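Student: Sharing coords38.cif (mmCIF, C-alpha atoms) below.
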```cif
data_my_file
#
loop_
_atom_site.label_atom_id
_atom_site.label_comp_id
_atom_site.auth_asym_id
_atom_site.auth_seq_id
_atom_site.Cartn_x
_atom_site.Cartn_y
_atom_site.Cartn_z
CA MET A 1 44.47 110.95 208.91
CA GLY A 2 46.99 110.06 206.20
CA GLU A 3 46.49 110.07 202.46
CA ILE A 4 47.51 107.50 199.88
CA GLY A 5 47.38 107.66 196.10
CA GLY A 6 45.79 110.24 193.85
CA THR A 7 48.82 110.70 191.63
CA GLY A 8 49.35 107.11 190.51
CA PRO A 9 48.54 105.62 187.11
CA VAL A 10 45.07 106.08 185.66
CA LEU A 11 43.12 102.82 185.77
CA ASP A 12 40.79 101.69 183.01
CA VAL A 13 38.09 100.73 185.54
CA VAL A 14 37.53 101.24 189.24
CA GLY A 15 34.72 99.12 190.62
CA ILE A 16 32.87 100.08 193.79
CA GLY A 17 31.80 96.92 195.59
CA PHE A 18 32.95 93.35 195.01
CA GLY A 19 29.86 91.20 195.16
CA PRO A 20 28.79 88.90 192.31
CA GLY A 21 28.21 91.80 189.86
CA ASN A 22 31.68 93.31 189.99
CA LEU A 23 33.23 89.90 190.57
CA ALA A 24 31.80 88.87 187.19
CA LEU A 25 33.17 92.11 185.71
CA ALA A 26 36.62 91.29 187.11
CA VAL A 27 36.40 87.87 185.47
CA ALA A 28 35.40 89.41 182.12
CA ALA A 29 38.26 91.91 182.29
CA THR A 30 40.74 89.17 183.15
CA GLU A 31 39.59 87.02 180.23
CA HIS A 32 39.53 89.82 177.68
CA ALA A 33 42.09 89.64 174.88
CA GLU A 34 43.07 93.27 175.44
CA PRO A 35 44.91 93.99 178.73
CA LEU A 36 42.95 96.18 181.12
CA SER A 37 43.95 97.86 184.36
CA VAL A 38 41.17 97.36 186.93
CA ARG A 39 40.77 97.81 190.68
CA PHE A 40 37.80 96.91 192.86
CA LEU A 41 37.10 98.48 196.25
CA GLU A 42 35.17 96.49 198.84
CA ARG A 43 34.32 97.71 202.32
CA GLN A 44 34.09 94.19 203.79
CA ALA A 45 37.32 92.76 205.18
CA ARG A 46 36.99 89.68 202.96
CA PHE A 47 34.71 88.31 200.26
CA GLY A 48 31.22 87.41 201.43
CA TRP A 49 27.76 87.14 199.87
CA HIS A 50 24.60 86.87 201.99
CA GLY A 51 26.51 84.94 204.63
CA GLY A 52 23.67 85.31 207.11
CA MET A 53 21.38 83.19 204.92
CA LEU A 54 23.70 80.24 204.33
CA ILE A 55 21.13 77.85 205.78
CA PRO A 56 22.34 74.25 205.61
CA GLY A 57 20.49 72.53 202.78
CA ALA A 58 18.98 75.70 201.27
CA ARG A 59 19.21 75.61 197.47
CA MET A 60 19.83 78.26 194.88
CA GLN A 61 16.92 79.23 192.65
CA VAL A 62 19.22 80.03 189.71
CA ASN A 63 20.57 77.45 187.26
CA PHE A 64 24.29 76.90 187.96
CA VAL A 65 25.09 77.47 184.26
CA LYS A 66 24.14 81.11 184.86
CA ASP A 67 27.33 81.54 186.83
CA LEU A 68 29.90 84.34 186.70
CA ALA A 69 31.08 83.61 183.17
CA THR A 70 29.64 80.64 181.26
CA VAL A 71 26.78 82.34 179.37
CA ARG A 72 29.19 85.07 178.26
CA ASN A 73 32.11 82.72 177.58
CA PRO A 74 31.36 78.96 177.67
CA SER A 75 35.09 78.15 177.66
CA SER A 76 35.81 80.23 180.77
CA THR A 77 37.88 78.64 183.53
CA PHE A 78 35.81 80.67 186.02
CA GLY A 79 32.63 78.67 185.42
CA PHE A 80 30.91 76.59 188.07
CA LEU A 81 31.98 73.33 186.42
CA SER A 82 35.63 74.40 186.56
CA TYR A 83 35.17 75.10 190.25
CA LEU A 84 33.68 71.64 190.79
CA ALA A 85 36.52 70.01 188.90
CA GLU A 86 39.14 71.83 190.97
CA ARG A 87 37.34 70.88 194.18
CA GLY A 88 37.20 67.25 193.06
CA ARG A 89 33.38 67.07 193.07
CA LEU A 90 32.44 67.27 189.39
CA ILE A 91 31.18 63.69 188.99
CA ASP A 92 29.57 63.69 192.43
CA PHE A 93 27.64 66.85 191.57
CA LEU A 94 26.51 65.48 188.20
CA ASN A 95 25.20 62.38 189.96
CA ARG A 96 22.82 64.63 191.90
CA GLN A 97 20.97 65.32 188.61
CA THR A 98 20.08 68.90 189.46
CA PHE A 99 20.82 72.36 188.10
CA PHE A 100 20.58 73.90 191.56
CA PRO A 101 23.48 73.71 194.02
CA THR A 102 23.05 74.50 197.67
CA ARG A 103 23.53 78.11 198.67
CA LEU A 104 26.51 77.09 200.80
CA GLU A 105 28.24 75.49 197.81
CA TYR A 106 27.51 78.44 195.54
CA HIS A 107 28.94 80.80 198.13
CA ASP A 108 32.08 78.67 198.14
CA TYR A 109 32.18 78.91 194.33
CA LEU A 110 32.00 82.71 194.46
CA GLY A 111 34.73 82.77 197.11
CA TRP A 112 36.87 80.47 194.96
CA ALA A 113 36.56 82.86 192.01
CA ALA A 114 37.21 85.91 194.20
CA ALA A 115 40.37 84.33 195.62
CA ARG A 116 41.74 83.91 192.08
CA LEU A 117 41.30 87.65 191.57
CA ASP A 118 42.66 88.76 194.91
CA ASP A 119 45.30 90.91 193.23
CA VAL A 120 42.72 93.31 191.74
CA VAL A 121 40.63 94.03 194.86
CA ASP A 122 41.27 96.17 197.94
CA TYR A 123 39.24 94.87 200.87
CA GLY A 124 38.47 96.98 203.91
CA THR A 125 38.14 100.02 201.65
CA GLU A 126 34.98 102.15 201.87
CA VAL A 127 34.31 104.60 199.05
CA THR A 128 33.24 108.07 200.18
CA ALA A 129 33.15 110.12 196.97
CA VAL A 130 33.45 110.07 193.19
CA ARG A 131 34.38 113.42 191.64
CA PRO A 132 35.64 114.78 188.31
CA ALA A 133 39.39 115.27 187.98
CA GLY A 134 40.00 116.67 184.50
CA PRO A 135 39.70 113.95 181.86
CA VAL A 136 39.22 111.19 184.48
CA LEU A 137 37.32 110.52 187.70
CA GLU A 138 38.80 110.47 191.18
CA VAL A 139 37.47 107.87 193.60
CA GLU A 140 38.09 108.68 197.24
CA ALA A 141 37.88 106.03 199.94
CA ARG A 142 38.87 105.27 203.52
CA ARG A 143 41.05 102.32 204.46
CA GLY A 144 41.83 102.02 208.12
CA GLY A 145 42.97 105.47 209.22
CA ALA A 146 43.98 106.65 205.76
CA VAL A 147 42.29 108.34 202.84
CA VAL A 148 43.05 106.57 199.58
CA ARG A 149 42.43 107.92 196.08
CA TYR A 150 42.22 106.27 192.68
CA ARG A 151 41.93 107.74 189.19
CA ALA A 152 39.85 106.01 186.58
CA ARG A 153 38.65 106.25 182.98
CA ALA A 154 35.42 104.51 184.05
CA VAL A 155 33.69 103.66 187.32
CA VAL A 156 31.28 100.77 187.92
CA ILE A 157 29.05 100.93 191.01
CA ALA A 158 27.78 97.55 192.24
CA THR A 159 27.16 97.81 195.95
CA GLY A 160 24.33 95.31 196.25
CA LEU A 161 21.05 95.58 198.09
CA VAL A 162 20.10 97.17 201.40
CA PRO A 163 17.92 95.20 203.86
CA HIS A 164 14.44 96.66 204.24
CA LEU A 165 12.50 96.78 207.50
CA PRO A 166 8.92 98.08 207.85
CA GLU A 167 8.54 101.65 209.03
CA GLY A 168 9.02 101.95 212.78
CA VAL A 169 10.90 98.65 213.14
CA THR A 170 14.47 98.79 214.38
CA ALA A 171 16.77 95.78 214.26
CA GLY A 172 18.21 94.67 217.56
CA ASP A 173 19.36 91.74 219.65
CA ARG A 174 16.01 89.93 219.27
CA VAL A 175 14.52 91.73 216.25
CA TRP A 176 16.28 90.67 213.07
CA HIS A 177 16.22 91.10 209.34
CA ASN A 178 16.58 87.66 207.82
CA ARG A 179 19.98 88.58 206.33
CA ASP A 180 21.42 87.91 209.83
CA LEU A 181 19.40 84.76 210.47
CA VAL A 182 22.09 82.05 210.63
CA PRO A 183 24.56 83.74 213.01
CA ASN A 184 21.73 84.95 215.24
CA VAL A 185 20.18 81.47 215.39
CA GLU A 186 23.57 79.96 216.23
CA ARG A 187 23.98 82.52 219.01
CA LEU A 188 20.53 81.74 220.45
CA VAL A 189 21.03 77.99 220.20
CA ALA A 190 24.20 78.37 222.24
CA GLY A 191 22.53 80.71 224.74
CA LEU A 192 18.99 79.34 225.04
CA GLY A 193 19.00 75.84 223.63
CA ASP A 194 15.79 74.00 224.55
CA ARG A 195 14.57 76.95 226.60
CA ALA A 196 13.49 78.84 223.45
CA ARG A 197 9.71 78.88 223.28
CA ARG A 198 8.42 81.00 220.38
CA PHE A 199 9.51 82.82 217.21
CA VAL A 200 7.66 85.00 214.73
CA VAL A 201 8.63 85.31 211.05
CA VAL A 202 7.10 88.13 209.00
CA GLY A 203 7.00 87.75 205.21
CA ALA A 204 5.60 85.60 202.41
CA GLY A 205 8.61 84.97 200.15
CA GLN A 206 11.36 82.40 199.83
CA SER A 207 13.51 83.89 202.59
CA ALA A 208 10.54 83.95 204.96
CA ALA A 209 9.68 80.31 204.30
CA GLU A 210 13.33 79.30 204.68
CA SER A 211 13.50 81.20 207.97
CA VAL A 212 10.41 79.39 209.25
CA GLU A 213 11.87 76.01 208.31
CA TYR A 214 15.29 76.79 209.81
CA LEU A 215 13.89 78.03 213.12
CA HIS A 216 11.55 75.04 213.33
CA ARG A 217 14.51 72.73 212.74
CA SER A 218 16.93 74.54 215.06
CA PHE A 219 14.60 74.81 218.08
CA PRO A 220 12.72 71.49 218.31
CA ARG A 221 10.66 72.57 221.33
CA ALA A 222 9.69 76.04 220.13
CA GLU A 223 6.67 77.33 218.25
CA VAL A 224 7.24 79.18 214.98
CA HIS A 225 4.55 81.63 213.86
CA ALA A 226 4.54 82.73 210.21
CA VAL A 227 2.77 86.03 209.56
CA PHE A 228 1.89 87.09 206.02
CA GLY A 229 -0.69 89.15 204.16
CA ARG A 230 -1.72 86.27 201.88
CA TRP A 231 -3.89 83.22 202.36
CA GLY A 232 -0.77 81.09 202.19
CA TYR A 233 2.59 80.78 200.52
CA SER A 234 2.40 81.15 196.73
CA PRO A 235 4.61 79.01 194.46
CA ALA A 236 7.28 80.63 192.32
CA ASP A 237 6.66 80.33 188.59
CA ASP A 238 9.87 78.85 187.21
CA SER A 239 8.29 77.33 184.11
CA PRO A 240 10.26 77.63 180.86
CA PHE A 241 8.15 80.34 179.23
CA ALA A 242 7.96 82.45 182.37
CA ASN A 243 11.73 82.17 182.79
CA ARG A 244 12.19 83.94 179.49
CA VAL A 245 11.68 87.20 181.38
CA PHE A 246 15.24 86.64 182.68
CA ASP A 247 16.78 85.99 179.24
CA PRO A 248 19.50 88.43 178.10
CA ASP A 249 17.38 89.42 175.08
CA ALA A 250 14.51 90.32 177.41
CA VAL A 251 16.64 93.18 178.72
CA ASP A 252 16.68 94.73 175.23
CA ASP A 253 12.90 94.41 174.91
CA PHE A 254 12.30 95.79 178.39
CA HIS A 255 14.63 98.77 178.04
CA ARG A 256 13.16 99.98 174.76
CA SER A 257 9.57 99.63 176.01
CA ALA A 258 7.45 102.53 177.19
CA PRO A 259 7.27 103.04 180.98
CA GLU A 260 3.66 101.78 181.04
CA LEU A 261 4.64 98.51 179.37
CA ARG A 262 7.64 98.09 181.66
CA GLN A 263 5.36 98.38 184.65
CA ARG A 264 2.92 95.87 183.16
CA ILE A 265 5.70 93.36 182.48
CA THR A 266 7.00 93.70 186.03
CA GLU A 267 3.57 93.32 187.62
CA ARG A 268 2.58 90.32 185.51
CA HIS A 269 5.81 88.45 186.20
CA ARG A 270 6.40 89.32 189.84
CA ASN A 271 5.45 85.74 190.69
CA THR A 272 8.76 84.61 189.22
CA ASN A 273 10.69 86.29 192.03
CA TYR A 274 8.76 88.39 194.58
CA SER A 275 6.80 87.02 197.57
CA VAL A 276 6.86 83.51 196.15
CA VAL A 277 8.35 80.26 197.41
CA ASP A 278 9.89 77.16 195.87
CA PRO A 279 7.05 74.59 195.57
CA ASP A 280 9.11 71.85 197.24
CA LEU A 281 9.61 73.99 200.32
CA ILE A 282 5.89 74.84 200.43
CA GLY A 283 5.11 71.13 200.35
CA GLU A 284 7.67 70.38 203.06
CA LEU A 285 6.26 73.02 205.42
CA TYR A 286 2.69 71.87 204.82
CA GLU A 287 3.62 68.26 205.55
CA LYS A 288 5.33 69.26 208.80
CA HIS A 289 2.28 71.32 209.79
CA TYR A 290 -0.12 68.49 208.97
CA ALA A 291 1.96 65.88 210.81
CA GLU A 292 1.93 68.07 213.91
CA ARG A 293 -1.85 68.38 213.73
CA VAL A 294 -2.13 64.60 213.50
CA ALA A 295 0.17 64.20 216.51
CA GLY A 296 -1.80 66.80 218.47
CA ARG A 297 1.15 69.09 219.15
CA GLU A 298 1.38 72.00 216.76
CA ARG A 299 4.58 74.00 216.64
CA LEU A 300 4.04 75.55 213.22
CA HIS A 301 1.40 78.28 213.10
CA PHE A 302 0.36 80.25 210.03
CA HIS A 303 -1.34 83.64 210.47
CA ARG A 304 -2.88 84.20 207.04
CA MET A 305 -4.12 87.55 205.82
CA SER A 306 -2.48 89.09 208.87
CA GLU A 307 0.02 91.74 209.87
CA VAL A 308 2.10 92.78 212.86
CA VAL A 309 0.46 95.86 214.37
CA ASP A 310 2.55 96.21 217.52
CA LEU A 311 6.10 95.25 218.41
CA ALA A 312 8.00 95.94 221.61
CA ALA A 313 11.48 94.62 222.25
CA THR A 314 12.05 93.24 225.75
CA GLY A 315 15.11 92.18 227.64
CA HIS A 316 14.59 88.57 226.61
CA GLY A 317 12.82 88.80 223.25
CA ALA A 318 9.93 90.82 221.86
CA ASP A 319 6.19 91.14 222.44
CA VAL A 320 4.24 91.04 219.18
CA THR A 321 0.59 91.71 218.35
CA VAL A 322 -0.73 90.15 215.15
CA ARG A 323 -4.05 91.28 213.65
CA SER A 324 -6.10 89.25 211.18
CA ALA A 325 -7.58 91.18 208.26
CA VAL A 326 -10.32 88.55 207.98
CA ASP A 327 -12.00 88.95 211.38
CA GLY A 328 -9.94 91.66 213.06
CA LEU A 329 -8.90 89.36 215.90
CA ARG A 330 -5.61 90.13 217.62
CA SER A 331 -3.07 87.61 218.88
CA ASP A 332 -0.53 88.67 221.51
CA LEU A 333 2.66 86.65 221.25
CA ARG A 334 5.61 86.75 223.63
CA THR A 335 8.57 85.69 221.51
CA ASP A 336 12.25 84.89 221.85
CA ALA A 337 12.91 86.69 218.55
CA VAL A 338 11.15 88.21 215.54
CA VAL A 339 12.50 87.79 212.02
CA PHE A 340 11.50 90.24 209.30
CA ALA A 341 11.95 88.62 205.88
CA THR A 342 10.77 91.82 204.24
CA GLY A 343 13.17 92.07 201.34
CA TYR A 344 15.84 94.44 200.13
CA ARG A 345 16.06 97.73 198.30
CA SER A 346 18.69 98.90 195.82
CA GLY A 347 20.92 101.62 197.16
CA ASP A 348 20.99 104.94 195.29
CA PRO A 349 24.21 104.96 193.22
CA ALA A 350 24.14 108.78 193.21
CA ARG A 351 25.11 108.79 196.89
CA PHE A 352 28.76 108.48 195.88
CA LEU A 353 28.74 111.45 193.49
CA ASP A 354 30.48 114.61 194.64
CA GLY A 355 32.22 117.71 193.35
CA GLY A 356 29.81 118.93 190.71
CA LEU A 357 28.54 115.57 189.43
CA THR A 358 24.76 115.48 189.01
CA VAL A 359 22.69 112.50 187.97
CA LEU A 360 19.58 113.09 185.85
CA ARG A 361 16.23 111.75 187.09
CA ASP A 362 12.75 111.32 185.67
CA GLU A 363 9.55 112.83 187.05
CA ARG A 364 9.30 110.01 189.61
CA GLY A 365 12.83 110.57 190.87
CA ARG A 366 14.22 107.46 189.18
CA ILE A 367 17.45 107.41 187.19
CA PRO A 368 16.94 106.66 183.45
CA VAL A 369 19.92 104.31 183.22
CA GLY A 370 21.20 103.70 179.68
CA ARG A 371 20.96 100.34 177.97
CA ASP A 372 24.71 99.89 178.56
CA TYR A 373 24.09 100.51 182.30
CA ARG A 374 25.61 103.98 182.13
CA LEU A 375 24.33 106.70 184.46
CA PRO A 376 23.16 109.95 182.80
CA LEU A 377 25.45 112.56 184.37
CA ARG A 378 26.15 116.25 184.24
CA GLY A 379 29.62 117.43 185.15
CA THR A 380 31.75 114.84 183.35
CA ASP A 381 32.02 112.85 180.15
CA VAL A 382 33.74 109.99 182.00
CA PRO A 383 31.33 107.04 182.16
CA VAL A 384 29.87 105.78 185.43
CA PHE A 385 28.03 102.46 185.19
CA VAL A 386 25.75 100.78 187.70
CA GLN A 387 24.80 97.18 188.43
CA GLY A 388 21.73 96.25 190.45
CA ALA A 389 19.75 99.48 190.77
CA THR A 390 18.16 99.10 187.34
CA GLU A 391 14.98 97.05 187.69
CA HIS A 392 12.86 99.97 186.43
CA THR A 393 14.96 100.24 183.26
CA HIS A 394 16.33 96.73 182.65
CA GLY A 395 13.76 94.38 184.14
CA LEU A 396 13.35 91.76 186.83
CA ALA A 397 16.77 90.16 186.35
CA SER A 398 18.58 93.32 187.43
CA THR A 399 19.04 92.31 191.07
CA LEU A 400 19.40 88.58 190.38
CA LEU A 401 22.29 86.38 189.30
CA SER A 402 20.60 85.32 186.04
CA ASN A 403 22.33 87.84 183.76
CA VAL A 404 25.43 88.68 185.77
CA ALA A 405 27.83 87.17 183.20
CA VAL A 406 26.21 88.81 180.19
CA ARG A 407 25.78 92.15 181.96
CA SER A 408 29.45 92.29 182.93
CA GLY A 409 30.41 91.62 179.30
CA GLU A 410 28.11 94.40 178.08
CA ILE A 411 29.58 96.90 180.53
CA LEU A 412 33.08 95.91 179.52
CA ASP A 413 32.13 96.31 175.86
CA ALA A 414 30.82 99.78 176.63
CA VAL A 415 34.04 100.75 178.42
CA LEU A 416 36.16 99.55 175.51
CA GLY A 417 33.87 101.10 172.93
CA LEU A 418 33.99 104.49 174.59
CA ARG A 419 37.74 104.28 174.98
CA ALA A 420 38.06 103.47 171.29
CA GLY A 421 35.75 106.33 170.35
CA ALA A 422 32.84 104.19 169.15
CA ALA A 423 29.80 106.13 168.02
CA PRO A 424 27.18 106.62 170.75
CA GLY A 425 24.65 103.82 170.80
CA VAL A 426 26.86 101.42 168.82
CA ARG A 427 27.70 98.29 170.78
CA PRO A 428 31.09 96.80 169.77
CA ALA A 429 31.35 93.08 169.12
CA ARG A 430 32.05 91.17 172.31
CA ALA A 431 35.54 89.66 172.49
CA LEU A 432 35.73 86.36 174.30
CA ALA A 433 38.82 84.97 175.96
CA VAL A 434 41.57 83.65 173.78
#
```
Please go through the file and, once you have read it, give me the structure as C-alpha cells.
Tutor:
Amino acid sequence: MGEIGGTGPVLDVVGIGFGPGNLALAVAATEHAEPLSVRFLERQARFGWHGGMLIPGARMQVNFVKDLATVRNPSSTFGFLSYLAERGRLIDFLNRQTFFPTRLEYHDYLGWAAARLDDVVDYGTEVTAVRPAGPVLEVEARRGGAVVRYRARAVVIATGLVPHLPEGVTAGDRVWHNRDLVPNVERLVAGLGDRARRFVVVGAGQSAAESVEYLHRSFPRAEVHAVFGRWGYSPADDSPFANRVFDPDAVDDFHRSAPELRQRITERHRNTNYSVVDPDLIGELYEKHYAERVAGRERLHFHRMSEVVDLAATGHGADVTVRSAVDGLRSDLRTDAVVFATGYRSGDPARFLDGGLTVLRDERGRIPVGRDYRLPLRGTDVPVFVQGATEHTHGLASTLLSNVAVRSGEILDAVLGLRAGAAPGVRPARALAV
C-alpha cells in the first residue's frame, strides 16, 4: 500500500467528514476576511445527506433561513435564497408562502453549496487516525489503495450520526433501518410490484410516520402496520416559545447550566424533536385510516402501546410478532419487509484518536466538550473540535441544522483566536465576509 503526503504544508484546519456541519465550516472559512488553508476528508465518493430518506414530497422541519450561512452572515452568497436565485426558482418558491422546502430540494441546495467548494474536499477518503506530530496534528486516512497524511493546526470532527437498531436486530435484505427506505422501496417496487402484501414500521417519530405514508403510497395493495409504544403519534411542538430552545443564545445558557438542569431542559423539550411528528402528517395519516374504515378495506393498521417481541428474517421477507402492552395479545405478521425508524446515535469522536491522545470523560463516560466545541485532550495542545456529539453539553440543537451556521462561525472564531494567542475563554469578535 502506497503513502501520500505527510511532509506537505501545514493546514489551518482539517475537517473529518463533509456533511452539513463541516460544509457550513467550509463556507465560513471561504467567506472569512483572513485567508485560511482548509481541507475536508469525506469517506463517501460524492456529497450526500440522508439520501435514503429523500421521500418525494417530504418537507424539512427547519426554517430555510437557518441554512448553511444566513444566520451567521445574512449577506452570504451561500444562503438558500442565493441557491434559489441561481436555480431560477426564487419567485416560484416565494409564491409557495412557506418557510419549509421539501427535503429533496434542500438536499439539492446542500449539493449546490458543496459543488462550489469542491476544491477543498477529498472524497473517497476515510480517516483512520489522528495523532500528535510535534506542534501540529497528523491526520492519517486511506484513499483507494494508498495511505494519505495531512498536517493541521486544528482538526474538526463532524462525522454525523450512526443509525440505531434495537438490540438483537440485524439489518438485511428485508429488515431495514429507515435511512435506506427510498432505495429499498424502489427495489421492491421493481421486484414485487402489486404482489407486496404487508409491511411493518417500528417507531413513533417523524421518520416512522413518513415511512408509513411512503409505503402506503408506494404499494397500493399492501397493508402497512405501524408499531409504537405510545397511544398514537404525538405532535411536534414547533410553537415560537418552544423553538427558543434551538436559539443560538440557548446554547450559552445550556452549557453553563448544572448537569441536573441540562437533563431537565432536555426532558421537558424532547417533544420539539424526539418521537414526535408534524401535525399535518398526523392528520393526513388519520384521514387515510378513517377513509379506509368507511370503505371497509383497511390497509393502515396502528398497533398502539405495542412492541416487536420476535423477528425472523425469511427468504421473502420477515415474520414478526407484535405484543400489546394493554392486554398482552400477540399478533403474528408475515411481512414483505420491516422498517425500523428507531433513530440515530452520535458516533464517539474519540475513535479517531491515536498515538498518545486521550480524551477526558466525566463519571458517566461522556466527554465534557468545551463551549467552543473543543475536546478536552491529554497529549497535545493542538485543538480538536467536534460537531454533533454534543447534545449533553450544548443542548437539543446539537444534532440538528438549526445552529449549523452559527456553530461553524464559533468554531472558526476559536481556531483564529487560538492561532492569535487569545486568552483562554475569550471569544474573539466574529468577522463576517467582506
Student: Using all atoms listed in the file, tabulate the residues of range 281-388 of chain A lying at most 12 Å from any atom of range 171-194 of chain A, each with its closest atom pair and that distance in Å to one decimal, by chain and increasing residue number, as CSV.
Tutor:
```
residue,atom,partner,partner_atom,distance
A:Leu311,CA,A:Val175,CA,9.4
A:Ala312,CA,A:Val175,CA,9.4
A:Ala313,CA,A:Arg174,CA,7.2
A:Thr314,CA,A:Arg174,CA,8.3
A:Gly315,CA,A:Arg174,CA,8.7
A:His316,CA,A:Arg174,CA,7.6
A:Gly317,CA,A:Arg174,CA,5.2
A:Ala318,CA,A:Arg174,CA,6.7
A:Asp319,CA,A:Arg174,CA,10.4
A:Val320,CA,A:Val175,CA,10.7
A:Arg334,CA,A:Arg174,CA,11.7
A:Thr335,CA,A:Arg174,CA,8.9
A:Asp336,CA,A:Arg174,CA,6.8
A:Ala337,CA,A:Arg174,CA,4.5
A:Val338,CA,A:Val175,CA,4.9
A:Val339,CA,A:Trp176,CA,4.9
A:Phe340,CA,A:His177,CA,4.8
A:Ala341,CA,A:Asn178,CA,5.1
A:Thr342,CA,A:His177,CA,7.5
A:Gly343,CA,A:Asn178,CA,8.5
A:Tyr344,CA,A:Arg179,CA,9.5
```
Student: Tell me, in Å to one decimal, how far CA of Glu210 in chain A is from CA of Gln97 in chain A.
Tutor: 22.6 Å
Student: Taking (24.7, 103.6, 185.7) as a centre in this file's frame and 6 Å as the limit, can you find every polymer residue with an atom that close, using only C-alpha atoms, and give them as a list in words?
Tutor: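 The residues near that point, listed by chain and number, are Val369, Tyr373, Arg374, Leu375, Val384, Phe385 and Val386 of chain A.
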Student: Find, counting all atoms listed in the file, the residue in A:Glu298, A:Glu284, A:Glu138, A:Asp252 that gets nearest to Gly355 in chain A.
Tutor: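 For Gly355 in chain A, the nearest of the given residues is A:Glu138.
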Student: Going by the chain IDs and residue numbers used in this file, which residues fall under the PyMOL selection byres ((chain A and resi 305) around 12)? Write them as a list in words.
Tutor: Val202, Gly203, Ala204, Ala226, Val227, Phe228, Gly229, Arg230, Trp231, Gly232, Tyr233, Phe302, His303, Arg304, Ser306, Glu307, Val308, Val322, Arg323, Ser324, Ala325, Val326, Asp327, Gly328 and Leu329 of chain A
Student: For this structure, which residues satisfy the selection - the PyMOL selection byres ((chain A and resi 28) around 8) - when it is evaluated on the file as given? I want them as a list of chain:residue names.
Tutor: A:Ala24, A:Leu25, A:Ala26, A:Val27, A:Ala29, A:Thr30, A:Glu31, A:His32, A:Ala69, A:Ala405, A:Ser408, A:Gly409, A:Leu412
